[in-house]
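> Compact mmCIF, N, CA, C and O atoms, file start.txt:
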```
# COMPACT_ATOMS: atom_id res chain seq x y z
N MET A 1 12.93 63.75 -15.12
CA MET A 1 12.56 62.34 -15.07
C MET A 1 13.45 61.57 -16.03
O MET A 1 13.70 61.98 -17.15
N THR A 2 13.90 60.42 -15.60
CA THR A 2 14.78 59.61 -16.43
C THR A 2 13.96 58.81 -17.43
O THR A 2 12.79 58.54 -17.23
N SER A 3 14.61 58.43 -18.52
CA SER A 3 13.92 57.65 -19.54
C SER A 3 13.78 56.21 -19.06
O SER A 3 14.58 55.73 -18.26
N PRO A 4 12.77 55.51 -19.57
CA PRO A 4 12.58 54.11 -19.16
C PRO A 4 13.79 53.25 -19.52
O PRO A 4 14.40 53.42 -20.57
N GLN A 5 14.12 52.35 -18.63
CA GLN A 5 15.25 51.44 -18.81
C GLN A 5 14.73 50.09 -19.29
O GLN A 5 13.58 49.74 -19.08
N LEU A 6 15.61 49.33 -19.93
CA LEU A 6 15.28 47.94 -20.22
C LEU A 6 15.03 47.24 -18.89
O LEU A 6 15.71 47.54 -17.90
N PRO A 7 14.08 46.32 -18.86
CA PRO A 7 13.83 45.62 -17.59
C PRO A 7 15.07 44.92 -17.04
O PRO A 7 15.28 44.88 -15.83
N ASN A 8 15.89 44.33 -17.93
CA ASN A 8 17.10 43.68 -17.46
C ASN A 8 18.13 43.57 -18.58
O ASN A 8 17.82 43.79 -19.75
N HIS A 9 19.35 43.23 -18.18
CA HIS A 9 20.46 43.04 -19.11
C HIS A 9 21.02 41.62 -18.99
O HIS A 9 22.21 41.39 -19.11
N LEU A 10 20.14 40.68 -18.73
CA LEU A 10 20.58 39.31 -18.49
C LEU A 10 21.16 38.65 -19.74
O LEU A 10 22.22 38.03 -19.69
N ARG A 11 20.46 38.78 -20.85
CA ARG A 11 20.91 38.11 -22.08
C ARG A 11 22.28 38.63 -22.49
O ARG A 11 23.18 37.84 -22.83
N ALA A 12 22.45 39.94 -22.48
CA ALA A 12 23.74 40.52 -22.89
C ALA A 12 24.87 40.02 -21.99
O ALA A 12 25.95 39.66 -22.49
N ASN A 13 24.63 39.96 -20.69
CA ASN A 13 25.67 39.48 -19.78
C ASN A 13 25.93 37.99 -19.96
O ASN A 13 27.08 37.55 -19.87
N ARG A 14 24.89 37.23 -20.26
CA ARG A 14 25.08 35.79 -20.51
C ARG A 14 25.92 35.58 -21.77
O ARG A 14 26.83 34.76 -21.79
N LYS A 15 25.62 36.37 -22.80
CA LYS A 15 26.36 36.25 -24.06
C LYS A 15 27.83 36.63 -23.88
O LYS A 15 28.71 36.01 -24.47
N ILE A 16 28.10 37.65 -23.07
CA ILE A 16 29.49 38.07 -22.82
C ILE A 16 30.29 36.91 -22.24
O ILE A 16 31.46 36.71 -22.60
N LEU A 17 29.67 36.12 -21.38
CA LEU A 17 30.35 34.98 -20.76
C LEU A 17 30.26 33.71 -21.61
O LEU A 17 30.78 32.67 -21.21
N ALA A 18 29.60 33.80 -22.76
CA ALA A 18 29.44 32.66 -23.67
C ALA A 18 28.75 31.47 -23.00
O ALA A 18 29.10 30.32 -23.26
N LEU A 19 27.77 31.76 -22.16
CA LEU A 19 27.01 30.71 -21.49
C LEU A 19 25.68 30.49 -22.19
O LEU A 19 25.06 31.45 -22.66
N SER A 20 25.22 29.27 -22.22
CA SER A 20 23.90 28.98 -22.75
C SER A 20 22.86 29.22 -21.65
O SER A 20 23.21 29.32 -20.47
N GLN A 21 21.60 29.27 -22.06
CA GLN A 21 20.54 29.40 -21.06
C GLN A 21 20.53 28.19 -20.13
O GLN A 21 20.32 28.34 -18.93
N GLY A 22 20.80 27.03 -20.68
CA GLY A 22 20.86 25.81 -19.86
C GLY A 22 21.97 25.87 -18.82
O GLY A 22 21.79 25.44 -17.69
N GLU A 23 23.11 26.41 -19.22
CA GLU A 23 24.24 26.53 -18.29
C GLU A 23 23.94 27.55 -17.19
O GLU A 23 24.23 27.30 -16.01
N VAL A 24 23.33 28.66 -17.55
CA VAL A 24 22.95 29.65 -16.53
C VAL A 24 21.89 29.04 -15.61
O VAL A 24 21.95 29.21 -14.39
N SER A 25 20.96 28.30 -16.20
CA SER A 25 19.94 27.62 -15.40
C SER A 25 20.58 26.70 -14.38
O SER A 25 20.19 26.68 -13.20
N PHE A 26 21.57 25.93 -14.80
CA PHE A 26 22.29 25.04 -13.88
C PHE A 26 22.94 25.85 -12.76
O PHE A 26 22.85 25.48 -11.59
N LEU A 27 23.60 26.97 -13.11
CA LEU A 27 24.25 27.80 -12.10
C LEU A 27 23.24 28.40 -11.13
O LEU A 27 23.56 28.62 -9.96
N LEU A 28 22.04 28.67 -11.63
CA LEU A 28 20.97 29.21 -10.76
C LEU A 28 20.33 28.12 -9.90
O LEU A 28 19.61 28.42 -8.96
N GLY A 29 20.58 26.86 -10.27
CA GLY A 29 19.99 25.75 -9.52
C GLY A 29 18.58 25.41 -9.96
O GLY A 29 17.80 24.86 -9.18
N THR A 30 18.23 25.74 -11.21
CA THR A 30 16.90 25.40 -11.73
C THR A 30 17.00 24.22 -12.68
O THR A 30 18.08 23.82 -13.09
N GLN A 31 15.85 23.68 -13.07
CA GLN A 31 15.79 22.45 -13.86
C GLN A 31 16.21 22.62 -15.31
O GLN A 31 16.89 21.76 -15.86
N ASN A 32 15.78 23.70 -15.96
CA ASN A 32 16.11 23.88 -17.38
C ASN A 32 16.18 25.36 -17.73
O ASN A 32 15.96 26.21 -16.87
N GLY A 33 16.45 25.65 -18.97
CA GLY A 33 16.63 27.03 -19.39
C GLY A 33 15.35 27.81 -19.59
O GLY A 33 15.39 29.00 -19.90
N ALA A 34 14.19 27.20 -19.39
CA ALA A 34 12.92 27.90 -19.62
C ALA A 34 12.77 29.12 -18.72
O ALA A 34 12.35 30.19 -19.18
N LYS A 35 13.11 29.00 -17.45
CA LYS A 35 13.01 30.16 -16.55
C LYS A 35 13.98 31.25 -16.98
O LYS A 35 13.65 32.43 -16.97
N VAL A 36 15.18 30.87 -17.35
CA VAL A 36 16.18 31.84 -17.81
C VAL A 36 15.63 32.59 -19.02
O VAL A 36 15.74 33.81 -19.11
N CYS A 37 15.03 31.87 -19.94
CA CYS A 37 14.43 32.48 -21.12
C CYS A 37 13.34 33.48 -20.71
O CYS A 37 13.29 34.60 -21.25
N ARG A 38 12.50 33.11 -19.77
CA ARG A 38 11.43 34.02 -19.30
C ARG A 38 12.00 35.27 -18.65
O ARG A 38 11.48 36.36 -18.85
N TYR A 39 13.06 35.11 -17.88
CA TYR A 39 13.70 36.29 -17.27
C TYR A 39 14.28 37.18 -18.36
O TYR A 39 14.10 38.41 -18.32
N GLU A 40 14.97 36.60 -19.30
CA GLU A 40 15.62 37.38 -20.36
C GLU A 40 14.62 38.09 -21.25
O GLU A 40 14.91 39.17 -21.76
N ARG A 41 13.46 37.50 -21.45
CA ARG A 41 12.44 38.10 -22.31
C ARG A 41 11.49 39.00 -21.55
O ARG A 41 10.47 39.44 -22.09
N PHE A 42 11.77 39.27 -20.28
CA PHE A 42 11.00 40.18 -19.44
C PHE A 42 9.60 39.66 -19.12
O PHE A 42 8.71 40.42 -18.77
N VAL A 43 9.41 38.35 -19.23
CA VAL A 43 8.11 37.75 -18.97
C VAL A 43 7.92 37.50 -17.47
O VAL A 43 6.81 37.53 -16.96
N ARG A 44 9.02 37.29 -16.77
CA ARG A 44 8.98 36.95 -15.36
C ARG A 44 10.06 37.70 -14.61
O ARG A 44 11.16 37.89 -15.12
N GLU A 45 9.74 38.14 -13.39
CA GLU A 45 10.74 38.78 -12.53
C GLU A 45 11.27 37.72 -11.56
O GLU A 45 10.50 36.96 -11.00
N PRO A 46 12.58 37.68 -11.38
CA PRO A 46 13.15 36.65 -10.51
C PRO A 46 12.92 36.96 -9.03
O PRO A 46 12.69 38.10 -8.64
N SER A 47 13.00 35.91 -8.24
CA SER A 47 12.96 36.08 -6.79
C SER A 47 14.24 36.80 -6.35
O SER A 47 15.21 36.90 -7.13
N LEU A 48 14.27 37.24 -5.14
CA LEU A 48 15.47 37.89 -4.61
C LEU A 48 16.65 36.93 -4.66
O LEU A 48 17.75 37.31 -5.06
N GLU A 49 16.42 35.68 -4.29
CA GLU A 49 17.51 34.69 -4.30
C GLU A 49 18.06 34.51 -5.72
O GLU A 49 19.28 34.46 -5.91
N THR A 50 17.19 34.44 -6.70
CA THR A 50 17.64 34.29 -8.09
C THR A 50 18.36 35.54 -8.56
O THR A 50 19.40 35.45 -9.23
N ALA A 51 17.85 36.71 -8.21
CA ALA A 51 18.51 37.96 -8.60
C ALA A 51 19.91 38.04 -8.00
O ALA A 51 20.87 38.44 -8.68
N LEU A 52 20.05 37.61 -6.75
CA LEU A 52 21.38 37.60 -6.13
C LEU A 52 22.29 36.57 -6.76
O LEU A 52 23.49 36.80 -6.91
N ALA A 53 21.72 35.45 -7.19
CA ALA A 53 22.53 34.44 -7.90
C ALA A 53 23.03 35.02 -9.22
O ALA A 53 24.19 34.81 -9.59
N TYR A 54 22.17 35.75 -9.92
CA TYR A 54 22.61 36.42 -11.15
C TYR A 54 23.76 37.39 -10.84
O TYR A 54 24.71 37.50 -11.61
N GLU A 55 23.66 38.10 -9.73
CA GLU A 55 24.73 39.03 -9.33
C GLU A 55 26.05 38.28 -9.16
O GLU A 55 27.10 38.74 -9.61
N VAL A 56 26.00 37.12 -8.53
CA VAL A 56 27.20 36.32 -8.32
C VAL A 56 27.75 35.84 -9.66
O VAL A 56 28.97 35.93 -9.92
N ILE A 57 26.89 35.33 -10.52
CA ILE A 57 27.32 34.76 -11.81
C ILE A 57 27.94 35.84 -12.70
O ILE A 57 29.02 35.64 -13.26
N PHE A 58 27.26 36.98 -12.82
CA PHE A 58 27.70 38.00 -13.77
C PHE A 58 28.60 39.07 -13.14
O PHE A 58 29.11 39.95 -13.83
N LYS A 59 28.78 39.01 -11.82
CA LYS A 59 29.63 39.97 -11.11
C LYS A 59 29.19 41.42 -11.39
O LYS A 59 30.00 42.30 -11.62
N ARG A 60 27.89 41.62 -11.39
CA ARG A 60 27.28 42.94 -11.56
C ARG A 60 26.18 43.06 -10.51
O ARG A 60 25.50 42.09 -10.19
N SER A 61 25.99 44.27 -10.01
CA SER A 61 24.97 44.47 -8.97
C SER A 61 23.58 44.20 -9.54
O SER A 61 23.35 44.31 -10.74
N VAL A 62 22.67 43.85 -8.66
CA VAL A 62 21.29 43.59 -9.05
C VAL A 62 20.70 44.82 -9.74
O VAL A 62 19.99 44.70 -10.74
N SER A 63 21.01 46.01 -9.25
CA SER A 63 20.47 47.22 -9.88
C SER A 63 21.03 47.43 -11.28
O SER A 63 20.35 48.00 -12.14
N GLU A 64 22.24 46.96 -11.55
CA GLU A 64 22.80 47.02 -12.91
C GLU A 64 22.16 45.99 -13.82
O GLU A 64 21.93 46.26 -15.00
N LEU A 65 21.91 44.81 -13.29
CA LEU A 65 21.33 43.73 -14.09
C LEU A 65 19.85 43.96 -14.38
O LEU A 65 19.35 43.54 -15.42
N PHE A 66 19.15 44.61 -13.46
CA PHE A 66 17.71 44.84 -13.58
C PHE A 66 17.40 46.33 -13.48
O PHE A 66 16.66 46.75 -12.58
N PRO A 67 17.92 47.16 -14.37
CA PRO A 67 17.72 48.61 -14.23
C PRO A 67 16.27 49.04 -14.36
O PRO A 67 15.84 49.98 -13.68
N GLY A 68 15.49 48.38 -15.19
CA GLY A 68 14.09 48.74 -15.34
C GLY A 68 13.30 48.46 -14.07
O GLY A 68 12.49 49.28 -13.63
N LEU A 69 13.55 47.31 -13.47
CA LEU A 69 12.88 46.97 -12.21
C LEU A 69 13.35 47.91 -11.11
O LEU A 69 12.54 48.38 -10.30
N TYR A 70 14.64 48.21 -11.09
CA TYR A 70 15.18 49.13 -10.10
C TYR A 70 14.49 50.50 -10.24
O TYR A 70 14.07 51.10 -9.25
N GLN A 71 14.38 50.99 -11.46
CA GLN A 71 13.76 52.29 -11.71
C GLN A 71 12.30 52.29 -11.25
O GLN A 71 11.83 53.24 -10.62
N LYS A 72 11.58 51.20 -11.53
CA LYS A 72 10.18 51.09 -11.10
C LYS A 72 10.07 51.14 -9.58
O LYS A 72 9.26 51.88 -9.03
N VAL A 73 10.91 50.38 -8.90
CA VAL A 73 10.89 50.35 -7.44
C VAL A 73 11.30 51.71 -6.87
O VAL A 73 10.70 52.20 -5.91
N GLU A 74 12.29 52.34 -7.47
CA GLU A 74 12.74 53.65 -7.02
C GLU A 74 11.61 54.68 -7.08
O GLU A 74 11.41 55.45 -6.14
N LEU A 75 10.85 54.68 -8.16
CA LEU A 75 9.73 55.61 -8.30
C LEU A 75 8.64 55.33 -7.27
O LEU A 75 8.05 56.25 -6.70
N GLN A 76 8.38 54.05 -7.01
CA GLN A 76 7.38 53.68 -6.01
C GLN A 76 7.80 54.13 -4.61
O GLN A 76 7.00 54.66 -3.84
N VAL A 77 9.08 53.90 -4.29
CA VAL A 77 9.59 54.31 -2.97
C VAL A 77 9.56 55.83 -2.85
O VAL A 77 9.17 56.37 -1.81
N ALA A 78 9.93 56.54 -3.91
CA ALA A 78 9.91 58.00 -3.87
C ALA A 78 8.51 58.53 -3.57
O ALA A 78 8.35 59.47 -2.77
N ALA A 79 7.51 57.93 -4.18
CA ALA A 79 6.13 58.35 -3.92
C ALA A 79 5.74 58.09 -2.47
O ALA A 79 5.09 58.93 -1.83
N ARG A 80 6.17 56.95 -1.94
CA ARG A 80 5.85 56.63 -0.54
C ARG A 80 6.62 57.52 0.43
O ARG A 80 6.12 57.88 1.50
N VAL A 81 7.86 57.90 0.07
CA VAL A 81 8.63 58.83 0.91
C VAL A 81 7.90 60.16 1.01
O VAL A 81 7.75 60.72 2.10
N LYS A 82 7.42 60.65 -0.11
CA LYS A 82 6.68 61.93 -0.11
C LYS A 82 5.43 61.82 0.75
O LYS A 82 5.11 62.73 1.53
N ALA A 83 4.71 60.72 0.61
CA ALA A 83 3.48 60.53 1.38
C ALA A 83 3.78 60.45 2.88
O ALA A 83 3.08 61.05 3.70
N LEU A 84 4.83 59.72 3.23
CA LEU A 84 5.19 59.59 4.64
C LEU A 84 5.67 60.93 5.20
O LEU A 84 5.31 61.31 6.32
N ALA A 85 6.45 61.65 4.42
CA ALA A 85 6.93 62.96 4.88
C ALA A 85 5.77 63.91 5.09
O ALA A 85 5.77 64.70 6.05
N ALA A 86 4.77 63.84 4.25
CA ALA A 86 3.61 64.72 4.37
C ALA A 86 2.80 64.43 5.62
O ALA A 86 2.22 65.34 6.21
N ARG A 87 2.76 63.18 6.04
CA ARG A 87 1.96 62.86 7.22
C ARG A 87 2.77 62.79 8.51
O ARG A 87 2.21 62.54 9.57
N THR A 88 4.08 62.96 8.41
CA THR A 88 4.92 62.95 9.60
C THR A 88 4.64 64.20 10.42
O THR A 88 4.55 65.29 9.90
N ASP A 89 4.50 64.01 11.70
CA ASP A 89 4.16 65.12 12.59
C ASP A 89 5.32 66.10 12.67
O ASP A 89 6.38 65.79 13.20
N ARG A 90 5.12 67.27 12.11
CA ARG A 90 6.17 68.29 12.08
C ARG A 90 6.20 69.13 13.36
O ARG A 90 7.10 69.90 13.57
N GLY A 91 5.21 68.95 14.22
CA GLY A 91 5.16 69.71 15.46
C GLY A 91 6.14 69.22 16.50
O GLY A 91 6.57 69.97 17.37
N LYS A 92 6.50 67.97 16.41
CA LYS A 92 7.42 67.40 17.39
C LYS A 92 8.84 67.86 17.09
O LYS A 92 9.25 67.96 15.94
N SER A 93 9.59 68.11 18.16
CA SER A 93 10.97 68.54 17.96
C SER A 93 11.95 67.70 18.76
O SER A 93 13.09 68.10 18.95
N ASN A 94 11.51 66.53 19.21
CA ASN A 94 12.44 65.67 19.95
C ASN A 94 13.43 65.04 18.97
O ASN A 94 13.29 65.13 17.75
N GLY A 95 14.45 64.44 19.49
CA GLY A 95 15.52 63.89 18.66
C GLY A 95 15.04 62.88 17.64
O GLY A 95 15.49 62.88 16.49
N GLN A 96 14.12 62.03 18.04
CA GLN A 96 13.62 61.01 17.12
C GLN A 96 12.87 61.64 15.95
O GLN A 96 13.07 61.25 14.80
N ALA A 97 12.05 62.61 16.21
CA ALA A 97 11.28 63.28 15.14
C ALA A 97 12.22 64.01 14.19
O ALA A 97 12.02 63.99 12.97
N VAL A 98 13.24 64.63 14.73
CA VAL A 98 14.21 65.35 13.89
C VAL A 98 14.96 64.37 13.00
O VAL A 98 15.13 64.60 11.79
N ARG A 99 15.41 63.25 13.59
CA ARG A 99 16.12 62.23 12.80
C ARG A 99 15.23 61.67 11.69
O ARG A 99 15.68 61.45 10.56
N LYS A 100 13.96 61.45 12.02
CA LYS A 100 13.03 60.91 11.03
C LYS A 100 12.87 61.90 9.87
O LYS A 100 12.93 61.51 8.71
N ARG A 101 12.67 63.17 10.17
CA ARG A 101 12.52 64.18 9.11
C ARG A 101 13.78 64.26 8.27
O ARG A 101 13.72 64.37 7.05
N GLU A 102 14.95 64.20 8.90
CA GLU A 102 16.22 64.24 8.15
C GLU A 102 16.36 63.01 7.26
O GLU A 102 16.79 63.12 6.11
N ALA A 103 16.01 61.84 7.79
CA ALA A 103 16.11 60.61 7.00
C ALA A 103 15.18 60.67 5.80
O ALA A 103 15.56 60.30 4.68
N LEU A 104 13.95 61.16 5.99
CA LEU A 104 13.01 61.27 4.88
C LEU A 104 13.48 62.31 3.86
O LEU A 104 13.34 62.10 2.65
N ALA A 105 14.08 63.40 4.32
CA ALA A 105 14.62 64.41 3.40
C ALA A 105 15.77 63.83 2.59
O ALA A 105 15.87 64.07 1.38
N ASP A 106 16.63 63.05 3.25
CA ASP A 106 17.75 62.40 2.55
C ASP A 106 17.23 61.42 1.50
O ASP A 106 17.73 61.36 0.38
N LEU A 107 16.22 60.62 1.87
CA LEU A 107 15.64 59.68 0.93
C LEU A 107 14.98 60.40 -0.25
O LEU A 107 15.13 59.99 -1.40
N ALA A 108 14.30 61.49 0.04
CA ALA A 108 13.64 62.26 -1.03
C ALA A 108 14.69 62.80 -2.00
O ALA A 108 14.48 62.80 -3.21
N ALA A 109 15.81 63.24 -1.47
CA ALA A 109 16.88 63.78 -2.33
C ALA A 109 17.50 62.69 -3.20
O ALA A 109 17.83 62.91 -4.36
N LEU A 110 17.64 61.48 -2.65
CA LEU A 110 18.22 60.37 -3.40
C LEU A 110 17.29 59.87 -4.49
O LEU A 110 17.76 59.40 -5.54
N THR A 111 16.00 59.93 -4.28
CA THR A 111 15.05 59.36 -5.22
C THR A 111 14.48 60.39 -6.18
O THR A 111 13.61 60.07 -6.98
N SER A 112 14.98 61.62 -6.13
CA SER A 112 14.43 62.63 -7.07
C SER A 112 15.37 62.86 -8.23
O SER A 112 16.45 62.43 -8.31
```
Would you mind giving the structure from this file in structure tokens?

Amino acid sequence: MTSPQLPNHLRANRKILALSQGEVSFLLGTQNGAKVCRYERFVREPSLETALAYEVIFKRSVSELFPGLYQKVELQVAARVKALAARTDRGKSNGQAVRKREALADLAALTS
């Protein structure tokens, strides 16, 4: 099991570019730096649109910018993959059932 990650690396990336919270807020299309502050302090998780805007601004993938959130989602998906694999009908041997089992095995390998 991997160690817990910081929820995000927004502040560090903002500082590297020498941008203020107000300037990042402007680039995100929000009214003021308050939301940026909440994101940086891990008080609020951004919408998908905001996370993608951060990706554009900092030229880093969303999973790099939000490693803690990524890790949380990865663990949740891994648990659901196991549950789905357990209830998938293993008696069927048609092409679709085989592809489904292979896809779930691939996902299980990626998330473990």
> May I ask for the distance between atom CA of Glu49 of chain A and atom CA of Thr30 of chain A, given in Å to one decimal place?
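Atom CA of Thr30 of chain A lies at a distance of 11.9 Å from atom CA of Glu49 of chain A.
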> Give the helix (DSSP H, G or I) residues of chain A, as assigned by DSSP on the backbone, as a ChimeraX atom specification.
/A:10-16,21-28,34-40,48-58,62-65,67-87,95-110
> I need the residue nearest Pro7 of chain A from this list: A:Ser47, A:Pro67, A:Ala53, A:Ser20. Use all atoms listed in the file for the distance.
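Comparing A:Ser47, A:Pro67, A:Ala53, A:Ser20 against Pro7 of chain A, the winner is A:Pro67.
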> Write out as a JSON list (two decimals) with N, CA, C and O atoms, in the coordinates of the input which residues come within 8 Å of Ser63 of chain A when counting all atoms listed in the file, dropping same-chain ones fewer than 3 positions away.

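Saved file result16.json follows:
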```json
[["chain", "number", "residue", "atom", "x", "y", "z"],
["A", 6, "LEU", "N", 15.61, 49.33, -19.93],
["A", 6, "LEU", "CA", 15.28, 47.94, -20.22],
["A", 6, "LEU", "C", 15.03, 47.24, -18.89],
["A", 6, "LEU", "O", 15.71, 47.54, -17.90],
["A", 7, "PRO", "N", 14.08, 46.32, -18.86],
["A", 7, "PRO", "CA", 13.83, 45.62, -17.59],
["A", 7, "PRO", "C", 15.07, 44.92, -17.04],
["A", 7, "PRO", "O", 15.28, 44.88, -15.83],
["A", 8, "ASN", "N", 15.89, 44.33, -17.93],
["A", 8, "ASN", "CA", 17.10, 43.68, -17.46],
["A", 8, "ASN", "C", 18.13, 43.57, -18.58],
["A", 8, "ASN", "O", 17.82, 43.79, -19.75],
["A", 9, "HIS", "N", 19.35, 43.23, -18.18],
["A", 9, "HIS", "CA", 20.46, 43.04, -19.11],
["A", 9, "HIS", "C", 21.02, 41.62, -18.99],
["A", 9, "HIS", "O", 22.21, 41.39, -19.11],
["A", 51, "ALA", "N", 17.85, 36.71, -8.21],
["A", 51, "ALA", "CA", 18.51, 37.96, -8.60],
["A", 51, "ALA", "C", 19.91, 38.04, -8.00],
["A", 51, "ALA", "O", 20.87, 38.44, -8.68],
["A", 55, "GLU", "N", 23.66, 38.10, -9.73],
["A", 55, "GLU", "CA", 24.73, 39.03, -9.33],
["A", 55, "GLU", "C", 26.05, 38.28, -9.16],
["A", 55, "GLU", "O", 27.10, 38.74, -9.61],
["A", 60, "ARG", "N", 27.89, 41.62, -11.39],
["A", 60, "ARG", "CA", 27.28, 42.94, -11.56],
["A", 60, "ARG", "C", 26.18, 43.06, -10.51],
["A", 60, "ARG", "O", 25.50, 42.09, -10.19],
["A", 66, "PHE", "N", 19.15, 44.61, -13.46],
["A", 66, "PHE", "CA", 17.71, 44.84, -13.58],
["A", 66, "PHE", "C", 17.40, 46.33, -13.48],
["A", 66, "PHE", "O", 16.66, 46.75, -12.58],
["A", 67, "PRO", "N", 17.92, 47.16, -14.37],
["A", 67, "PRO", "CA", 17.72, 48.61, -14.23],
["A", 67, "PRO", "C", 16.27, 49.04, -14.36],
["A", 67, "PRO", "O", 15.84, 49.98, -13.68],
["A", 68, "GLY", "N", 15.49, 48.38, -15.19],
["A", 68, "GLY", "CA", 14.09, 48.74, -15.34],
["A", 68, "GLY", "C", 13.30, 48.46, -14.07],
["A", 68, "GLY", "O", 12.49, 49.28, -13.63],
["A", 69, "LEU", "N", 13.55, 47.31, -13.47],
["A", 69, "LEU", "CA", 12.88, 46.97, -12.21],
["A", 69, "LEU", "C", 13.35, 47.91, -11.11],
["A", 69, "LEU", "O", 12.54, 48.38, -10.30],
["A", 70, "TYR", "N", 14.64, 48.21, -11.09],
["A", 70, "TYR", "CA", 15.18, 49.13, -10.10],
["A", 70, "TYR", "C", 14.49, 50.50, -10.24],
["A", 70, "TYR", "O", 14.07, 51.10, -9.25],
["A", 71, "GLN", "N", 14.38, 50.99, -11.46],
["A", 71, "GLN", "CA", 13.76, 52.29, -11.71],
["A", 71, "GLN", "C", 12.30, 52.29, -11.25],
["A", 71, "GLN", "O", 11.83, 53.24, -10.62]]
```
> Write out as JSON, numbers by chain the residues lying within 7 Å of Val81 of chain A, counting all atoms listed in the file and excluding same-chain residues fewer than 5 positions away.
{"A": [75, 76, 86, 87, 104, 107, 108]}
> List the spatial neighbours of Ala85 of chain A as a PyMOL selection string - criterion: any atom at most 10 Å away, only C-alpha atoms, same-chain residues fewer than 6 positions off excluded.
chain A and resi 79+100-105+108
> To one decimal in Å, tell me the separation between atom CA of Leu27 of chain A and atom CA of Gln5 of chain A.
26.2 Å
> Mind working out the centre and edge lengths of an axis-aligned box for segment 68-79 of chain A, all listed atoms inside, 3 Å added to each side, rounded to one decimal in Å and written as AutoDock Vina command-line options?

```
--center_x 10.3 --center_y 53.2 --center_z -8.6 --size_x 16.4 --size_y 18.5 --size_z 19.5
```
> So, with only C-alpha atoms as the atoms that count, which of A:Val24, A:Leu10, A:Val62, A:Ala97 lies closest to Phe42 of chain A?
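For Phe42 of chain A, the nearest of the candidates is A:Leu10.
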> Figure out the distance between atom CA of Lys59 of chain A and atom CA of Leu17 of chain A, please, to one decimal in Å.
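We find that atom CA of Leu17 of chain A and atom CA of Lys59 of chain A lie 10.9 Å from each other.
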